>>> print(open('protein-v3.tsv').read())   # TSV, C-alpha atoms
chain	number	residue	atom	x	y	z
A	1	MET	CA	0.00	0.00	0.00
A	2	ALA	CA	2.83	2.38	0.87
A	3	GLU	CA	4.51	1.59	-2.48
A	4	GLU	CA	1.29	2.37	-4.40
A	5	LEU	CA	0.92	5.66	-2.51
A	6	LYS	CA	4.52	6.54	-3.37
A	7	LYS	CA	3.92	5.82	-7.08
A	8	LEU	CA	0.71	7.83	-7.09
A	9	THR	CA	2.38	10.77	-5.33
A	10	SER	CA	5.21	10.68	-7.84
A	11	ARG	CA	2.79	10.70	-10.79
A	12	VAL	CA	0.81	13.63	-9.35
A	13	LYS	CA	4.02	15.58	-8.77
A	14	GLY	CA	5.10	14.82	-12.35
A	15	VAL	CA	1.81	16.13	-13.73
A	16	GLU	CA	2.04	19.28	-11.60
A	17	ASP	CA	5.58	19.89	-12.84
A	18	GLY	CA	4.50	19.33	-16.46
A	19	LYS	CA	6.73	16.29	-16.63
A	20	GLY	CA	6.15	12.61	-16.32
A	21	ILE	CA	3.58	12.44	-19.09
A	22	GLU	CA	5.49	11.93	-22.29
A	23	GLY	CA	4.84	14.55	-24.93
A	24	LEU	CA	2.68	16.97	-22.93
A	25	ASN	CA	5.20	19.49	-21.66
A	26	TYR	CA	5.98	22.78	-23.37
A	27	GLU	CA	9.17	21.56	-25.03
A	28	ASP	CA	7.34	18.63	-26.64
A	29	LEU	CA	4.32	20.54	-27.88
A	30	CYS	CA	5.87	23.81	-29.02
A	31	ILE	CA	7.78	24.30	-32.21
A	32	GLN	CA	10.89	26.34	-31.40
A	33	PRO	CA	10.32	26.22	-27.60
A	34	ASP	CA	13.55	28.12	-26.95
A	35	VAL	CA	12.42	31.12	-29.03
A	36	GLU	CA	10.78	33.85	-27.02
A	37	LEU	CA	9.19	36.86	-28.61
A	38	LEU	CA	10.36	40.25	-27.42
A	39	GLU	CA	8.34	41.74	-24.60
A	40	GLY	CA	5.75	44.05	-26.07
A	41	TYR	CA	5.88	42.44	-29.52
A	42	LYS	CA	2.39	42.04	-30.90
A	43	PRO	CA	2.13	39.48	-33.68
A	44	PRO	CA	0.24	40.74	-36.71
A	45	LYS	CA	-3.31	39.68	-37.49
A	46	PHE	CA	-2.75	36.96	-40.07
A	47	GLU	CA	-5.01	35.97	-42.92
A	48	MET	CA	-6.32	32.59	-41.79
A	49	PHE	CA	-5.81	29.47	-43.89
A	50	ASP	CA	-8.44	26.76	-43.42
A	51	GLY	CA	-7.05	24.23	-45.87
A	52	THR	CA	-9.34	25.04	-48.80
A	53	SER	CA	-7.45	27.71	-50.72
A	54	ASP	CA	-4.08	28.03	-52.43
A	55	PRO	CA	-1.29	27.24	-49.91
A	56	GLU	CA	1.30	29.24	-51.87
A	57	VAL	CA	-0.88	32.34	-51.70
A	58	HIS	CA	-1.19	31.79	-47.96
A	59	LEU	CA	2.58	31.52	-47.51
A	60	ARG	CA	3.11	34.73	-49.50
A	61	MET	CA	0.54	36.59	-47.42
A	62	TYR	CA	2.07	35.16	-44.24
A	63	TYR	CA	5.51	36.47	-45.23
A	64	TYR	CA	4.01	39.84	-46.11
A	65	LYS	CA	2.59	40.22	-42.59
A	66	LEU	CA	5.92	39.41	-40.89
A	67	VAL	CA	7.45	42.83	-41.40
A	68	GLY	CA	10.48	43.19	-39.13
A	69	VAL	CA	10.68	39.58	-37.95
A	70	GLY	CA	10.22	37.59	-41.15
A	71	LYS	CA	13.93	37.23	-41.72
A	72	TYR	CA	14.24	35.30	-38.46
A	73	GLU	CA	13.44	31.72	-39.46
A	74	ARG	CA	12.73	30.47	-35.96
A	75	ILE	CA	10.22	33.24	-35.26
A	76	ARG	CA	8.58	32.56	-38.62
A	77	MET	CA	8.18	28.92	-37.63
A	78	LYS	CA	6.88	29.76	-34.16
A	79	LEU	CA	4.20	32.14	-35.43
A	80	PHE	CA	2.99	30.04	-38.38
A	81	MET	CA	0.42	28.13	-36.35
A	82	ARG	CA	-1.35	31.44	-35.62
A	83	SER	CA	-2.23	31.71	-39.31
A	84	LEU	CA	-4.06	28.37	-39.48
A	85	THR	CA	-7.63	27.40	-38.68
A	86	GLY	CA	-9.99	24.48	-39.24
A	87	ASP	CA	-8.57	21.49	-41.14
A	88	ALA	CA	-5.24	23.23	-41.67
A	89	LEU	CA	-4.81	23.73	-37.93
A	90	SER	CA	-5.80	20.11	-37.31
A	91	TRP	CA	-3.19	18.98	-39.84
A	92	TYR	CA	-0.52	21.13	-38.19
A	93	ILE	CA	-1.32	19.90	-34.69
A	94	SER	CA	-1.16	16.28	-35.84
A	95	GLN	CA	2.44	16.75	-37.01
A	96	ASN	CA	5.54	16.15	-34.94
A	97	PRO	CA	7.15	19.61	-34.77
A	98	LYS	CA	10.56	18.10	-34.10
A	99	LYS	CA	10.71	16.79	-37.68
A	100	TRP	CA	10.83	20.36	-38.99
A	101	ILE	CA	14.47	21.35	-38.71
A	102	ASN	CA	13.97	24.61	-40.58
A	103	TRP	CA	11.34	26.78	-42.25
A	104	VAL	CA	11.79	25.13	-45.64
A	105	SER	CA	11.02	21.67	-44.28
A	106	MET	CA	7.86	22.95	-42.57
A	107	ALA	CA	6.70	25.02	-45.56
A	108	SER	CA	7.40	22.09	-47.91
A	109	ASP	CA	5.26	19.74	-45.83
A	110	PHE	CA	2.53	22.38	-45.76
A	111	MET	CA	2.67	22.84	-49.55
A	112	ASP	CA	2.72	19.08	-50.19
A	113	TRP	CA	-0.30	18.46	-47.98
A	114	PHE	CA	-2.47	21.28	-49.36
A	115	ARG	CA	-1.26	21.27	-52.98
A	116	PHE	CA	-4.43	19.45	-54.06
A	117	ASN	CA	-6.25	22.79	-53.74
A	118	THR	CA	-4.42	24.07	-56.79
A	119	GLU	CA	-4.11	20.79	-58.69
A	120	ASN	CA	-7.87	20.27	-58.79
A	121	ALA	CA	-8.60	23.53	-60.54
A	122	PRO	CA	-11.79	23.65	-62.60
A	123	ASP	CA	-11.55	23.18	-66.35
A	124	VAL	CA	-13.04	25.24	-69.19
A	125	PHE	CA	-16.08	22.97	-69.42
A	126	TYR	CA	-16.87	23.62	-65.76
A	127	ILE	CA	-16.81	27.37	-66.39
A	128	GLN	CA	-19.04	27.04	-69.47
A	129	ASN	CA	-21.62	25.20	-67.41
A	130	LEU	CA	-21.47	27.46	-64.36
A	131	LYS	CA	-25.01	28.71	-63.76
A	132	LYS	CA	-26.37	31.52	-61.65
A	133	ASN	CA	-27.94	30.32	-58.42
A	134	ARG	CA	-31.51	31.47	-57.80
A	135	ILE	CA	-30.57	33.22	-54.58
A	136	GLU	CA	-27.50	35.12	-55.84
A	137	THR	CA	-27.56	38.50	-57.50
A	138	LEU	CA	-26.11	39.03	-60.95
A	139	CYS	CA	-23.18	40.85	-59.36
A	140	GLU	CA	-22.53	37.92	-56.97
A	141	TYR	CA	-22.73	35.47	-59.87
A	142	ALA	CA	-20.30	37.54	-61.96
A	143	THR	CA	-17.88	37.71	-59.05
A	144	ARG	CA	-18.10	33.94	-58.49
A	145	TRP	CA	-17.70	33.27	-62.23
A	146	ARG	CA	-14.60	35.49	-62.44
A	147	SER	CA	-13.11	33.80	-59.40
A	148	GLU	CA	-13.63	30.35	-60.91
A	149	ALA	CA	-12.40	31.49	-64.33
A	150	ALA	CA	-9.18	32.81	-62.76
A	151	LYS	CA	-8.51	29.34	-61.37
A	152	VAL	CA	-8.85	27.84	-64.85
A	153	LYS	CA	-6.37	30.30	-66.28
A	154	ARG	CA	-3.78	29.37	-63.62
A	155	ALA	CA	-4.32	25.69	-64.38
A	156	LEU	CA	-3.60	26.25	-68.07
A	157	GLU	CA	-0.33	28.17	-67.46
>>> encode(input="protein-v3.tsv", output="structure tokens")
Amino acid sequence: MAEELKKLTSRVKGVEDGKGIEGLNYEDLCIQPDVELLEGYKPPKFEMFDGTSDPEVHLRMYYYKLVGVGKYERIRMKLFMRSLTGDALSWYISQNPKKWINWVSMASDFMDWFRFNTENAPDVFYIQNLKKNRIETLCEYATRWRSEAAKVKRALE
């Protein structure tokens, strides 16, 4: 009984210290755990990527927002998660951050995983058959049509 109490006490102390449970402490969960942002630094408000748009466009917009700190690879990596939401955030969280030794390895994995968004662009026949929905205005339809047509043009380049 005393041995069981000792084990239990040790486990509780390990949980309180953030240790003892493999993979749940800060160093295990955080990418670049040794990188601290300067006191007073306020990260920019990023455009959020949910996994359904062009990942290259997202990376370009992400870089654009990192004025002043973008050249620091480790900060870039640390802040990237803040630009993800939905399925993209779920994908990111499911990864082992220790496998990303640098920004290029992380960005490459990101591009590889979400590349299908650009590879499955609509074709000309899809655009020809695109009809106006009953509930959308002519202006909304034209905007949607132009958006879809722009995707076809990129696919043909």
>>> atom_distance(input="protein-v3.tsv", atom1="CA of Lys78 (chain A)", atom2="CA of Gly51 (chain A)")
19.0 Å
>>> atom_distance(input="protein-v3.tsv", atom1="CA of Trp103 (chain A)", atom2="CA of Ser90 (chain A)")
19.0 Å
>>> closest_residue(input="protein-v3.tsv", among="A:Phe125, A:Trp145, A:Tyr63, A:Phe49", to="Gly86 (chain A)", atoms="all atoms listed in the file")
A:Phe49
>>> residues_near_point(input="protein-v3.tsv", point="(5.8, 41.7, -41.8)", cutoff="12 Å", atoms="only C-alpha atoms", output="number ranges by chain")
A: 42-46, 60-72, 75-76, 79
>>> write_last_selection(input="protein-v3.tsv", atoms="C-alpha atoms", output="PDB file, in the coordinates of the input")
ATOM      1  CA  LYS A  42       2.390  42.040 -30.900  1.00  0.00           C
ATOM      2  CA  PRO A  43       2.130  39.480 -33.680  1.00  0.00           C
ATOM      3  CA  PRO A  44       0.240  40.740 -36.710  1.00  0.00           C
ATOM      4  CA  LYS A  45      -3.310  39.680 -37.490  1.00  0.00           C
ATOM      5  CA  PHE A  46      -2.750  36.960 -40.070  1.00  0.00           C
ATOM      6  CA  ARG A  60       3.110  34.730 -49.500  1.00  0.00           C
ATOM      7  CA  MET A  61       0.540  36.590 -47.420  1.00  0.00           C
ATOM      8  CA  TYR A  62       2.070  35.160 -44.240  1.00  0.00           C
ATOM      9  CA  TYR A  63       5.510  36.470 -45.230  1.00  0.00           C
ATOM     10  CA  TYR A  64       4.010  39.840 -46.110  1.00  0.00           C
ATOM     11  CA  LYS A  65       2.590  40.220 -42.590  1.00  0.00           C
ATOM     12  CA  LEU A  66       5.920  39.410 -40.890  1.00  0.00           C
ATOM     13  CA  VAL A  67       7.450  42.830 -41.400  1.00  0.00           C
ATOM     14  CA  GLY A  68      10.480  43.190 -39.130  1.00  0.00           C
ATOM     15  CA  VAL A  69      10.680  39.580 -37.950  1.00  0.00           C
ATOM     16  CA  GLY A  70      10.220  37.590 -41.150  1.00  0.00           C
ATOM     17  CA  LYS A  71      13.930  37.230 -41.720  1.00  0.00           C
ATOM     18  CA  TYR A  72      14.240  35.300 -38.460  1.00  0.00           C
ATOM     19  CA  ILE A  75      10.220  33.240 -35.260  1.00  0.00           C
ATOM     20  CA  ARG A  76       8.580  32.560 -38.620  1.00  0.00           C
ATOM     21  CA  LEU A  79       4.200  32.140 -35.430  1.00  0.00           C
TER      22      LEU A  79
END
>>> atom_distance(input="protein-v3.tsv", atom1="CA of Trp91 (chain A)", atom2="CA of Asp109 (chain A)")
10.4 Å
>>> closest_residue(input="protein-v3.tsv", among="A:Cys139, A:Ile127, A:Met81, A:Ala88", to="Phe114 (chain A)", atoms="all atoms listed in the file")
A:Ala88
>>> closest_residue(input="protein-v3.tsv", among="A:Arg146, A:Ser108, A:Lys151, A:Val35", to="Asp123 (chain A)", atoms="only C-alpha atoms")
A:Lys151
>>> residues_around(input="protein-v3.tsv", residues="Pro55 (chain A)", least_positions_apart="4", cutoff="7 Å", atoms="all atoms listed in the file", output="list in words")
Leu59, Met111, Phe114 and Arg115 of chain A
>>> closest_residue(input="protein-v3.tsv", among="A:Tyr141, A:Trp113, A:Tyr126, A:Tyr92", to="Met77 (chain A)", atoms="all atoms listed in the file")
A:Tyr92
>>> closest_residue(input="protein-v3.tsv", among="A:His58, A:Met48, A:Glu73, A:Pro122", to="Leu89 (chain A)", atoms="only C-alpha atoms")
A:Met48
>>> closest_residue(input="protein-v3.tsv", among="A:Ser147, A:Glu47, A:Ala107, A:Ile101", to="Ser83 (chain A)", atoms="all atoms listed in the file")
A:Glu47
>>> axis_aligned_box(input="protein-v3.tsv", around="region 77-86 of chain A", padding_each_side="5 Å", output="AutoDock Vina command-line options")
--center_x -0.9 --center_y 28.3 --center_z -36.8 --size_x 28.2 --size_y 17.7 --size_z 15.3
